[in-house]
Every structure is written in structure tokens, then in C-alpha cells.
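**Q** Please find data.pdb (PDB, C-alpha atoms) on the next line:
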ATOM      1  CA  MET A   1     -27.809 -40.391  28.384  1.00  0.00           C
ATOM      2  CA  ARG A   2     -29.526 -37.333  26.911  1.00  0.00           C
ATOM      3  CA  TRP A   3     -30.639 -36.357  30.401  1.00  0.00           C
ATOM      4  CA  ASP A   4     -27.042 -36.460  31.656  1.00  0.00           C
ATOM      5  CA  GLY A   5     -25.990 -33.937  28.991  1.00  0.00           C
ATOM      6  CA  LEU A   6     -28.935 -31.683  29.816  1.00  0.00           C
ATOM      7  CA  PHE A   7     -28.110 -31.724  33.541  1.00  0.00           C
ATOM      8  CA  GLU A   8     -24.426 -31.050  32.835  1.00  0.00           C
ATOM      9  CA  ASP A   9     -25.394 -28.105  30.631  1.00  0.00           C
ATOM     10  CA  LEU A  10     -27.718 -26.706  33.333  1.00  0.00           C
ATOM     11  CA  GLU A  11     -25.015 -27.098  35.987  1.00  0.00           C
ATOM     12  CA  ALA A  12     -22.494 -25.274  33.775  1.00  0.00           C
ATOM     13  CA  ARG A  13     -24.969 -22.446  33.205  1.00  0.00           C
ATOM     14  CA  TRP A  14     -25.651 -22.146  36.954  1.00  0.00           C
ATOM     15  CA  ALA A  15     -21.914 -22.101  37.679  1.00  0.00           C
ATOM     16  CA  GLY A  16     -21.421 -19.371  35.050  1.00  0.00           C
ATOM     17  CA  LEU A  17     -24.254 -17.306  36.537  1.00  0.00           C
ATOM     18  CA  ALA A  18     -22.784 -17.735  40.027  1.00  0.00           C
ATOM     19  CA  ARG A  19     -19.382 -16.501  38.790  1.00  0.00           C
ATOM     20  CA  GLU A  20     -21.008 -13.497  37.101  1.00  0.00           C
ATOM     21  CA  GLN A  21     -22.870 -12.688  40.337  1.00  0.00           C
ATOM     22  CA  ILE A  22     -19.634 -12.899  42.361  1.00  0.00           C
ATOM     23  CA  VAL A  23     -17.894 -10.542  39.905  1.00  0.00           C
ATOM     24  CA  ALA A  24     -20.837  -8.107  40.036  1.00  0.00           C
ATOM     25  CA  ASP A  25     -20.881  -8.214  43.858  1.00  0.00           C
ATOM     26  CA  ALA A  26     -17.128  -7.606  44.026  1.00  0.00           C
ATOM     27  CA  ALA A  27     -17.435  -4.625  41.672  1.00  0.00           C
ATOM     28  CA  GLU A  28     -20.261  -3.176  43.787  1.00  0.00           C
ATOM     29  CA  LEU A  29     -18.240  -3.616  46.987  1.00  0.00           C
ATOM     30  CA  THR A  30     -15.254  -1.903  45.339  1.00  0.00           C
ATOM     31  CA  ARG A  31     -17.448   1.036  44.270  1.00  0.00           C
ATOM     32  CA  ALA A  32     -18.866   1.294  47.785  1.00  0.00           C
ATOM     33  CA  GLU A  33     -15.377   1.246  49.321  1.00  0.00           C
ATOM     34  CA  TRP A  34     -14.123   3.961  46.936  1.00  0.00           C
ATOM     35  CA  SER A  35     -17.167   6.106  47.722  1.00  0.00           C
ATOM     36  CA  ARG A  36     -15.859   6.433  51.294  1.00  0.00           C
ATOM     37  CA  THR A  37     -12.285   7.316  50.236  1.00  0.00           C
ATOM     38  CA  ASP A  38     -11.163  10.930  50.637  1.00  0.00           C
ATOM     39  CA  LEU A  39      -8.278  12.811  49.025  1.00  0.00           C
ATOM     40  CA  PRO A  40      -6.177  13.082  52.229  1.00  0.00           C
ATOM     41  CA  SER A  41      -6.211   9.264  52.527  1.00  0.00           C
ATOM     42  CA  ARG A  42      -4.993   8.914  48.944  1.00  0.00           C
ATOM     43  CA  LEU A  43      -2.288  11.576  49.462  1.00  0.00           C
ATOM     44  CA  ARG A  44      -1.089   9.725  52.605  1.00  0.00           C
ATOM     45  CA  GLY A  45      -0.640   6.676  50.389  1.00  0.00           C
ATOM     46  CA  ALA A  46       1.541   8.756  48.029  1.00  0.00           C
ATOM     47  CA  VAL A  47       4.116   9.746  50.677  1.00  0.00           C
ATOM     48  CA  GLY A  48       7.561   9.077  49.220  1.00  0.00           C
ATOM     49  CA  THR A  49       6.477   9.693  45.619  1.00  0.00           C
ATOM     50  CA  THR A  50       6.565  12.787  43.420  1.00  0.00           C
ATOM     51  CA  LEU A  51       3.258  14.331  42.399  1.00  0.00           C
ATOM     52  CA  ARG A  52       2.440  17.304  40.215  1.00  0.00           C
ATOM     53  CA  LEU A  53       0.046  19.512  42.156  1.00  0.00           C
ATOM     54  CA  HIS A  54      -2.092  21.672  39.878  1.00  0.00           C
ATOM     55  CA  LEU A  55      -3.267  24.722  41.797  1.00  0.00           C
ATOM     56  CA  SER A  56      -6.486  26.664  41.353  1.00  0.00           C
ATOM     57  CA  GLY A  57      -4.535  29.708  40.138  1.00  0.00           C
ATOM     58  CA  GLY A  58      -3.150  27.744  37.177  1.00  0.00           C
ATOM     59  CA  GLN A  59       0.307  26.936  38.574  1.00  0.00           C
ATOM     60  CA  ALA A  60       1.781  23.452  38.912  1.00  0.00           C
ATOM     61  CA  LEU A  61       4.300  22.314  41.518  1.00  0.00           C
ATOM     62  CA  ASP A  62       6.301  19.081  41.319  1.00  0.00           C
ATOM     63  CA  VAL A  63       6.449  17.975  44.939  1.00  0.00           C
ATOM     64  CA  HIS A  64       8.190  14.951  46.455  1.00  0.00           C
ATOM     65  CA  VAL A  65       5.506  14.251  49.076  1.00  0.00           C
ATOM     66  CA  GLN A  66       6.873  13.849  52.602  1.00  0.00           C
ATOM     67  CA  ALA A  67       3.887  14.495  54.847  1.00  0.00           C
ATOM     68  CA  THR A  68       0.163  15.144  54.743  1.00  0.00           C
ATOM     69  CA  GLY A  69      -2.614  16.270  57.016  1.00  0.00           C
ATOM     70  CA  ALA A  70      -6.364  16.530  56.876  1.00  0.00           C
ATOM     71  CA  ASP A  71      -6.138  19.921  55.138  1.00  0.00           C
ATOM     72  CA  TRP A  72      -2.632  20.093  53.605  1.00  0.00           C
ATOM     73  CA  VAL A  73       0.070  18.232  51.715  1.00  0.00           C
ATOM     74  CA  GLY A  74       3.771  18.970  52.015  1.00  0.00           C
ATOM     75  CA  GLY A  75       7.081  17.925  50.614  1.00  0.00           C
ATOM     76  CA  VAL A  76      10.198  19.063  48.854  1.00  0.00           C
ATOM     77  CA  LEU A  77      10.572  20.963  45.583  1.00  0.00           C
ATOM     78  CA  ALA A  78      13.416  20.340  43.132  1.00  0.00           C
ATOM     79  CA  ALA A  79      15.305  23.262  44.709  1.00  0.00           C
ATOM     80  CA  ALA A  80      15.327  21.303  48.006  1.00  0.00           C
ATOM     81  CA  ASP A  81      13.020  23.833  49.662  1.00  0.00           C
ATOM     82  CA  SER A  82       9.987  22.640  51.577  1.00  0.00           C
ATOM     83  CA  VAL A  83       6.482  23.452  50.415  1.00  0.00           C
ATOM     84  CA  ILE A  84       3.152  23.287  52.227  1.00  0.00           C
ATOM     85  CA  VAL A  85       0.010  23.350  50.089  1.00  0.00           C
ATOM     86  CA  PRO A  86      -3.507  23.674  51.529  1.00  0.00           C
ATOM     87  CA  LEU A  87      -5.818  21.097  49.954  1.00  0.00           C
ATOM     88  CA  ALA A  88      -8.291  23.910  49.294  1.00  0.00           C
ATOM     89  CA  SER A  89      -5.757  25.346  46.793  1.00  0.00           C
ATOM     90  CA  LEU A  90      -5.622  22.175  44.692  1.00  0.00           C
ATOM     91  CA  ALA A  91      -7.355  22.008  41.339  1.00  0.00           C
ATOM     92  CA  ALA A  92      -5.979  18.549  40.452  1.00  0.00           C
ATOM     93  CA  VAL A  93      -3.289  16.046  41.362  1.00  0.00           C
ATOM     94  CA  GLU A  94      -1.220  14.319  38.690  1.00  0.00           C
ATOM     95  CA  GLY A  95       0.624  11.133  39.560  1.00  0.00           C
ATOM     96  CA  GLU A  96       0.078   7.768  41.169  1.00  0.00           C
ATOM     97  CA  LEU A  97      -2.569   7.887  43.915  1.00  0.00           C
ATOM     98  CA  GLY A  98      -3.395   4.194  43.951  1.00  0.00           C
ATOM     99  CA  ALA A  99      -2.685   3.436  47.596  1.00  0.00           C
ATOM    100  CA  VAL A 100      -5.024   4.505  50.371  1.00  0.00           C
ATOM    101  CA  ARG A 101      -3.747   5.055  53.893  1.00  0.00           C
ATOM    102  CA  GLU A 102      -6.190   5.972  56.634  1.00  0.00           C
ATOM    103  CA  ALA A 103      -5.491   8.786  59.094  1.00  0.00           C
ATOM    104  CA  PRO A 104      -3.619   7.767  62.216  1.00  0.00           C
ATOM    105  CA  GLY A 105      -6.013   6.900  64.989  1.00  0.00           C
ATOM    106  CA  GLY A 106      -5.627   6.787  68.713  1.00  0.00           C
ATOM    107  CA  VAL A 107      -4.281   9.506  70.944  1.00  0.00           C
ATOM    108  CA  VAL A 108      -2.047  11.216  68.336  1.00  0.00           C
ATOM    109  CA  PRO A 109      -4.276  13.333  66.084  1.00  0.00           C
ATOM    110  CA  GLU A 110      -3.290  14.263  62.565  1.00  0.00           C
ATOM    111  CA  GLN A 111      -1.446  17.591  62.340  1.00  0.00           C
ATOM    112  CA  SER A 112      -3.398  20.536  61.010  1.00  0.00           C
ATOM    113  CA  MET A 113      -1.925  23.124  58.676  1.00  0.00           C
ATOM    114  CA  ALA A 114      -1.783  25.544  61.611  1.00  0.00           C
ATOM    115  CA  ALA A 115       0.356  23.050  63.571  1.00  0.00           C
ATOM    116  CA  VAL A 116       2.783  22.657  60.658  1.00  0.00           C
ATOM    117  CA  LEU A 117       3.085  26.430  60.251  1.00  0.00           C
ATOM    118  CA  ARG A 118       3.753  26.759  64.000  1.00  0.00           C
ATOM    119  CA  ARG A 119       6.684  24.385  63.489  1.00  0.00           C
ATOM    120  CA  VAL A 120       7.944  26.637  60.670  1.00  0.00           C
ATOM    121  CA  ALA A 121       7.600  29.622  63.028  1.00  0.00           C
ATOM    122  CA  ARG A 122       9.626  27.823  65.743  1.00  0.00           C
ATOM    123  CA  LEU A 123      12.388  27.001  63.251  1.00  0.00           C
ATOM    124  CA  ARG A 124      12.490  30.670  62.114  1.00  0.00           C
ATOM    125  CA  SER A 125      12.902  29.503  58.527  1.00  0.00           C
ATOM    126  CA  PRO A 126      12.352  32.208  55.883  1.00  0.00           C
ATOM    127  CA  VAL A 127       9.180  31.674  53.846  1.00  0.00           C
ATOM    128  CA  ARG A 128       7.626  32.824  50.597  1.00  0.00           C
ATOM    129  CA  VAL A 129       3.845  32.863  50.678  1.00  0.00           C
ATOM    130  CA  THR A 130       2.032  32.687  47.354  1.00  0.00           C
ATOM    131  CA  GLY A 131      -1.687  33.427  47.072  1.00  0.00           C
ATOM    132  CA  VAL A 132      -4.320  31.164  45.585  1.00  0.00           C
ATOM    133  CA  GLN A 133      -4.163  33.010  42.248  1.00  0.00           C
ATOM    134  CA  GLY A 134      -0.368  32.601  42.033  1.00  0.00           C
ATOM    135  CA  ALA A 135       0.700  36.099  43.038  1.00  0.00           C
ATOM    136  CA  ALA A 136       3.494  36.474  45.581  1.00  0.00           C
ATOM    137  CA  LEU A 137       1.997  37.727  48.848  1.00  0.00           C
ATOM    138  CA  VAL A 138       4.906  38.071  51.244  1.00  0.00           C
ATOM    139  CA  GLU A 139       8.468  36.968  52.033  1.00  0.00           C
ATOM    140  CA  GLY A 140       9.726  36.851  55.579  1.00  0.00           C
ATOM    141  CA  THR A 141       9.461  34.865  58.783  1.00  0.00           C
ATOM    142  CA  VAL A 142       6.301  33.436  60.326  1.00  0.00           C
ATOM    143  CA  ASP A 143       5.906  35.135  63.718  1.00  0.00           C
ATOM    144  CA  ARG A 144       2.539  33.841  64.944  1.00  0.00           C
ATOM    145  CA  VAL A 145      -0.024  31.298  63.780  1.00  0.00           C
ATOM    146  CA  GLY A 146      -3.688  31.337  64.744  1.00  0.00           C
ATOM    147  CA  THR A 147      -6.345  28.765  63.935  1.00  0.00           C
ATOM    148  CA  ASP A 148      -7.050  30.221  60.500  1.00  0.00           C
ATOM    149  CA  HIS A 149      -4.301  32.773  59.776  1.00  0.00           C
ATOM    150  CA  MET A 150      -0.638  33.612  60.283  1.00  0.00           C
ATOM    151  CA  ASP A 151       1.415  36.757  60.840  1.00  0.00           C
ATOM    152  CA  VAL A 152       4.552  37.151  58.748  1.00  0.00           C
ATOM    153  CA  ALA A 153       7.344  39.628  59.499  1.00  0.00           C
ATOM    154  CA  ARG A 154       8.278  41.020  56.074  1.00  0.00           C
ATOM    155  CA  HIS A 155      11.941  40.865  55.073  1.00  0.00           C
ATOM    156  CA  ALA A 156      13.989  39.586  52.151  1.00  0.00           C
ATOM    157  CA  TRP A 157      14.079  35.829  51.631  1.00  0.00           C
ATOM    158  CA  ASP A 158      17.871  35.732  51.873  1.00  0.00           C
ATOM    159  CA  GLU A 159      18.117  37.835  55.067  1.00  0.00           C
ATOM    160  CA  ALA A 160      17.808  36.704  58.649  1.00  0.00           C
ATOM    161  CA  ARG A 161      14.923  38.120  60.644  1.00  0.00           C
ATOM    162  CA  ARG A 162      16.493  41.091  62.401  1.00  0.00           C
ATOM    163  CA  ARG A 163      14.737  44.199  63.609  1.00  0.00           C
ATOM    164  CA  THR A 164      16.657  46.304  61.064  1.00  0.00           C
ATOM    165  CA  ALA A 165      15.674  43.970  58.174  1.00  0.00           C
ATOM    166  CA  VAL A 166      11.938  43.807  58.974  1.00  0.00           C
ATOM    167  CA  ARG A 167       9.829  46.099  56.761  1.00  0.00           C
ATOM    168  CA  GLY A 168       6.495  45.589  58.476  1.00  0.00           C
ATOM    169  CA  GLY A 169       4.179  42.659  58.795  1.00  0.00           C
ATOM    170  CA  MET A 170       1.334  40.960  57.037  1.00  0.00           C
ATOM    171  CA  THR A 171      -1.519  38.801  58.289  1.00  0.00           C
ATOM    172  CA  VAL A 172      -2.444  36.069  55.832  1.00  0.00           C
ATOM    173  CA  PRO A 173      -5.658  34.042  56.227  1.00  0.00           C
ATOM    174  CA  PHE A 174      -5.230  30.364  55.342  1.00  0.00           C
ATOM    175  CA  THR A 175      -7.995  30.731  52.739  1.00  0.00           C
ATOM    176  CA  GLY A 176      -5.717  33.116  50.803  1.00  0.00           C
ATOM    177  CA  ILE A 177      -2.712  30.774  50.691  1.00  0.00           C
ATOM    178  CA  GLY A 178      -1.863  28.945  47.478  1.00  0.00           C
ATOM    179  CA  TRP A 179       1.344  27.507  48.959  1.00  0.00           C
ATOM    180  CA  VAL A 180       4.047  28.308  51.479  1.00  0.00           C
ATOM    181  CA  GLN A 181       7.636  27.694  50.437  1.00  0.00           C
ATOM    182  CA  ALA A 182      10.157  27.435  53.284  1.00  0.00           C
ATOM    183  CA  LEU A 183      13.906  27.655  52.869  1.00  0.00           C
ATOM    184  CA  GLY A 184      15.388  24.208  53.485  1.00  0.00           C
ATOM    185  CA  THR A 185      13.630  21.258  55.035  1.00  0.00           C
ATOM    186  CA  VAL A 186      10.990  21.920  57.685  1.00  0.00           C
ATOM    187  CA  LEU A 187       8.706  18.868  57.425  1.00  0.00           C
TER     188      LEU A 187
END
Rewrite the coordinates I just gave you, this time as C-alpha cells.
**A**
Amino acid sequence: MRWDGLFEDLEARWAGLAREQIVADAAELTRAEWSRTDLPSRLRGAVGTTLRLHLSGGQALDVHVQATGADWVGGVLAAADSVIVPLASLAAVEGELGAVREAPGGVVPEQSMAAVLRRVARLRSPVRVTGVQGAALVEGTVDRVGTDHMDVARHAWDEARRRTAVRGGMTVPFTGIGWVQALGTVL
């Protein structure tokens, strides 16, 4: 009889140790999985939500996230204008980033920031380009987009791009961009 109680106690202890080991293994697997998670994957999981993007220059933008890429996040501001933010300009992201969505695989690659800006150029939508420190760089229309820069024809935000309205041009390297605000929806 005493032996039965001893064996039952030992079995209960072994079962408790096994449960503790399973919990420890699950925690280690979770840590390992998170160690391979990147910010673009978490931002893809936040599409359809509103995030506050804190920029390295000290500004904050409340953006309803509509699209992301490997090097950018984009969406709509409260004024219903589109915004494209290079990930390199982010200091922090405030909001729910719980879901993780991997990049699309297969034959359709993820769009780069250059590809998104080429779309803006095709639409001829007026843009405001703000630098990484928060200073306004240029207003106008994106004329050309290279792999790491864009050319903007300078004119007032509320004017159409016409030869008489253009006051010169500016070349902006992507590394200098804090965010690009486009009039209306471009994403």
C-alpha cells in the first residue's frame, strides 16, 4: 500500500516535469520563430489597420496601412491623401503588429519603393516630398524614377503640371526621403 502511494507520487512528478519541458520547448520554438521575423512581414500583417509611424526626424504620421513592400509602407492619411514611407525613415511603429504575413512568393515579386513611385509618376499625381529630418523638400510631379532616386518637376501642390507652372526640377535620392504624400489615392 505504501509502495502504491510512492509510485503514484513519482508518476505525478514525472508528468509535471514532462509538462514543464513541453512548455519550455514551446517557448524556445516561439523565440526561434520570432528571431526570423522581419518588420516588413509584420507590417504586411497590419494591412487594413491604422498605425502611428514615428519617423527618425521626430514626426509621427497616423496611416491607415493599405500596402507594403520590402523597403516601404504605404496607406492613407486622415486627409485622404496617400503616403509612402521608406522603412529606413522609421524610428518606431505604434499599433497592433501581432500578425505576420510572409512576402508573396512565386513569379510575382514584391514591389519596391521605386516601382510604387513609378506608378505615382504614371498617374501624374501631385506630391509633397518631406526629408528624413521633417523639412519639406519639394512639391510637384514625379517625372522619372531610377533605382535609388527620383526627379520631381517643381510646381505648386494645387496646380497641374504645365510647362508654365514648372519652376525647375529636383532630384531626390531615396535615402533623403522621410515620406512622400500624394494627392488622392495612388496605392
**Q** Evaluated on this file, the PyMOL selection byres ((chain A and resi 44) around 10) picks out some residues - which ones are they, written as a list in words?
**A**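 Evaluating the PyMOL selection byres ((chain A and resi 44) around 10) on this file yields Leu39, Pro40, Ser41, Arg42, Leu43, Gly45, Ala46, Val47, Gly48, Val65, Gln66, Ala67, Thr68, Gly69, Ala70, Val73, Leu97, Ala99, Val100, Arg101, Glu102 and Ala103 of chain A.
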**Q** Any chance you can output those residues with C-alpha atoms as a CSV table (one decimal), in the frame of the given file?
**A**
chain,number,residue,atom,x,y,z
A,39,LEU,CA,-8.3,12.8,49.0
A,40,PRO,CA,-6.2,13.1,52.2
A,41,SER,CA,-6.2,9.3,52.5
A,42,ARG,CA,-5.0,8.9,48.9
A,43,LEU,CA,-2.3,11.6,49.5
A,45,GLY,CA,-0.6,6.7,50.4
A,46,ALA,CA,1.5,8.8,48.0
A,47,VAL,CA,4.1,9.7,50.7
A,48,GLY,CA,7.6,9.1,49.2
A,65,VAL,CA,5.5,14.3,49.1
A,66,GLN,CA,6.9,13.8,52.6
A,67,ALA,CA,3.9,14.5,54.8
A,68,THR,CA,0.2,15.1,54.7
A,69,GLY,CA,-2.6,16.3,57.0
A,70,ALA,CA,-6.4,16.5,56.9
A,73,VAL,CA,0.1,18.2,51.7
A,97,LEU,CA,-2.6,7.9,43.9
A,99,ALA,CA,-2.7,3.4,47.6
A,100,VAL,CA,-5.0,4.5,50.4
A,101,ARG,CA,-3.7,5.1,53.9
A,102,GLU,CA,-6.2,6.0,56.6
A,103,ALA,CA,-5.5,8.8,59.1
**Q** For Met113 (chain A), which residue out of A:Thr147, A:Gln59, A:Ser89, A:Gln181 is the nearest one, using all atoms listed in the file?
**A**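 For Met113 (chain A), the nearest of the given residues is A:Thr147.
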**Q** Need to verify the contact set: Leu90 (chain A), 8 Å, all atoms listed in the file, exclusion of same-chain residues closer than 2 positions in sequence. Can you return it as a ChimeraX atom specification?
**A** /A:53-56,85-88,92-93
**Q** With distances taken over all atoms listed in the file, which of A:Ala80, A:Ala60, A:Val172, A:Ala182 is nearest to Gly146 (chain A)?
**A**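 Using all atoms listed in the file, Gly146 (chain A) sits closest to A:Val172.
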**Q** My list of candidates is A:Gln111, A:Gln133, A:Thr37, A:Thr50. Which is closest to Thr175 (chain A) when distances are computed with all atoms listed in the file?
**A**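 Ranked by minimum distance to Thr175 (chain A), first place goes to A:Gln133.
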**Q** Give me, please, the distance in Å between CA of Leu117 (chain A) and CA of Val132 (chain A), quoted to one decimal.
**A**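 About the pair CA of Leu117 (chain A) and CA of Val132 (chain A): they are 17.1 Å apart.
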**Q** What is the distance between CA of Met150 (chain A) and CA of Asp38 (chain A), in Å to one decimal?
**A**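 Computing it gives 26.8 Å between the two atoms.
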**Q** One decimal, Å: what's the distance from CA of Arg144 (chain A) over to CA of Ala78 (chain A), could you say?
**A**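 Result for CA of Arg144 (chain A) versus CA of Ala78 (chain A): 27.9 Å, one decimal.
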**Q** Using only C-alpha atoms, what residues lie at most 10 Å away from (-1.3, 29.8, 61.1) (file coordinates), given as an MDAnalysis selection string?
**A** chainID A and resid 112:121 142:152 171:174
**Q** Could you list the residues chosen by the PyMOL selection byres ((chain A and resi 157) around 9) in this structure as a PyMOL selection string?
**A** chain A and resi 126-128+139-141+154-156+158-160+183
**Q** Save the residues we just selected, C-alpha atoms, as a tab-separated table (two decimals), keeping the file's coordinate frame?
**A**
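In the end it all went to again.tsv:
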chain	number	residue	atom	x	y	z
A	126	PRO	CA	12.35	32.21	55.88
A	127	VAL	CA	9.18	31.67	53.85
A	128	ARG	CA	7.63	32.82	50.60
A	139	GLU	CA	8.47	36.97	52.03
A	140	GLY	CA	9.73	36.85	55.58
A	141	THR	CA	9.46	34.86	58.78
A	154	ARG	CA	8.28	41.02	56.07
A	155	HIS	CA	11.94	40.86	55.07
A	156	ALA	CA	13.99	39.59	52.15
A	158	ASP	CA	17.87	35.73	51.87
A	159	GLU	CA	18.12	37.84	55.07
A	160	ALA	CA	17.81	36.70	58.65
A	183	LEU	CA	13.91	27.66	52.87
**Q** Pick out the closest residue to Leu51 (chain A) from this set: A:Gly168, A:Arg13, A:Glu94, A:Ala153. Count only C-alpha atoms.
**A** A:Glu94
**Q** Report the centre and edge lengths, in Å to one decimal, of an axis-aligned box enclosing every atom of region 140-159 of chain A listed in the file, padded by 5 Å on each side, as JSON.
**A**
{"center_x": 5.5, "center_y": 34.9, "center_z": 58.3, "size_x": 35.2, "size_y": 22.3, "size_z": 23.3}
**Q** Within 7 Å of Trp179 (chain A), counting all atoms listed in the file, which residues qualify if same-chain residues fewer than 6 places away don't, as a PyMOL selection string?
**A** chain A and resi 83-86+129-131
**Q** Choose the residue, out of A:Glu96, A:Arg52, A:Gly176, A:Val138, that has the smallest atom-to-atom separation from Val76 (chain A); count only C-alpha atoms.
**A**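 Closest to Val76 (chain A) of all the choices is A:Arg52.
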**Q** I'd like to know which of A:Ile177, A:Ala79, A:Trp14, A:Gly74 is closest to Ala135 (chain A), using all atoms listed in the file.
**A**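 Under the stated criterion, the closest residue is A:Ile177.
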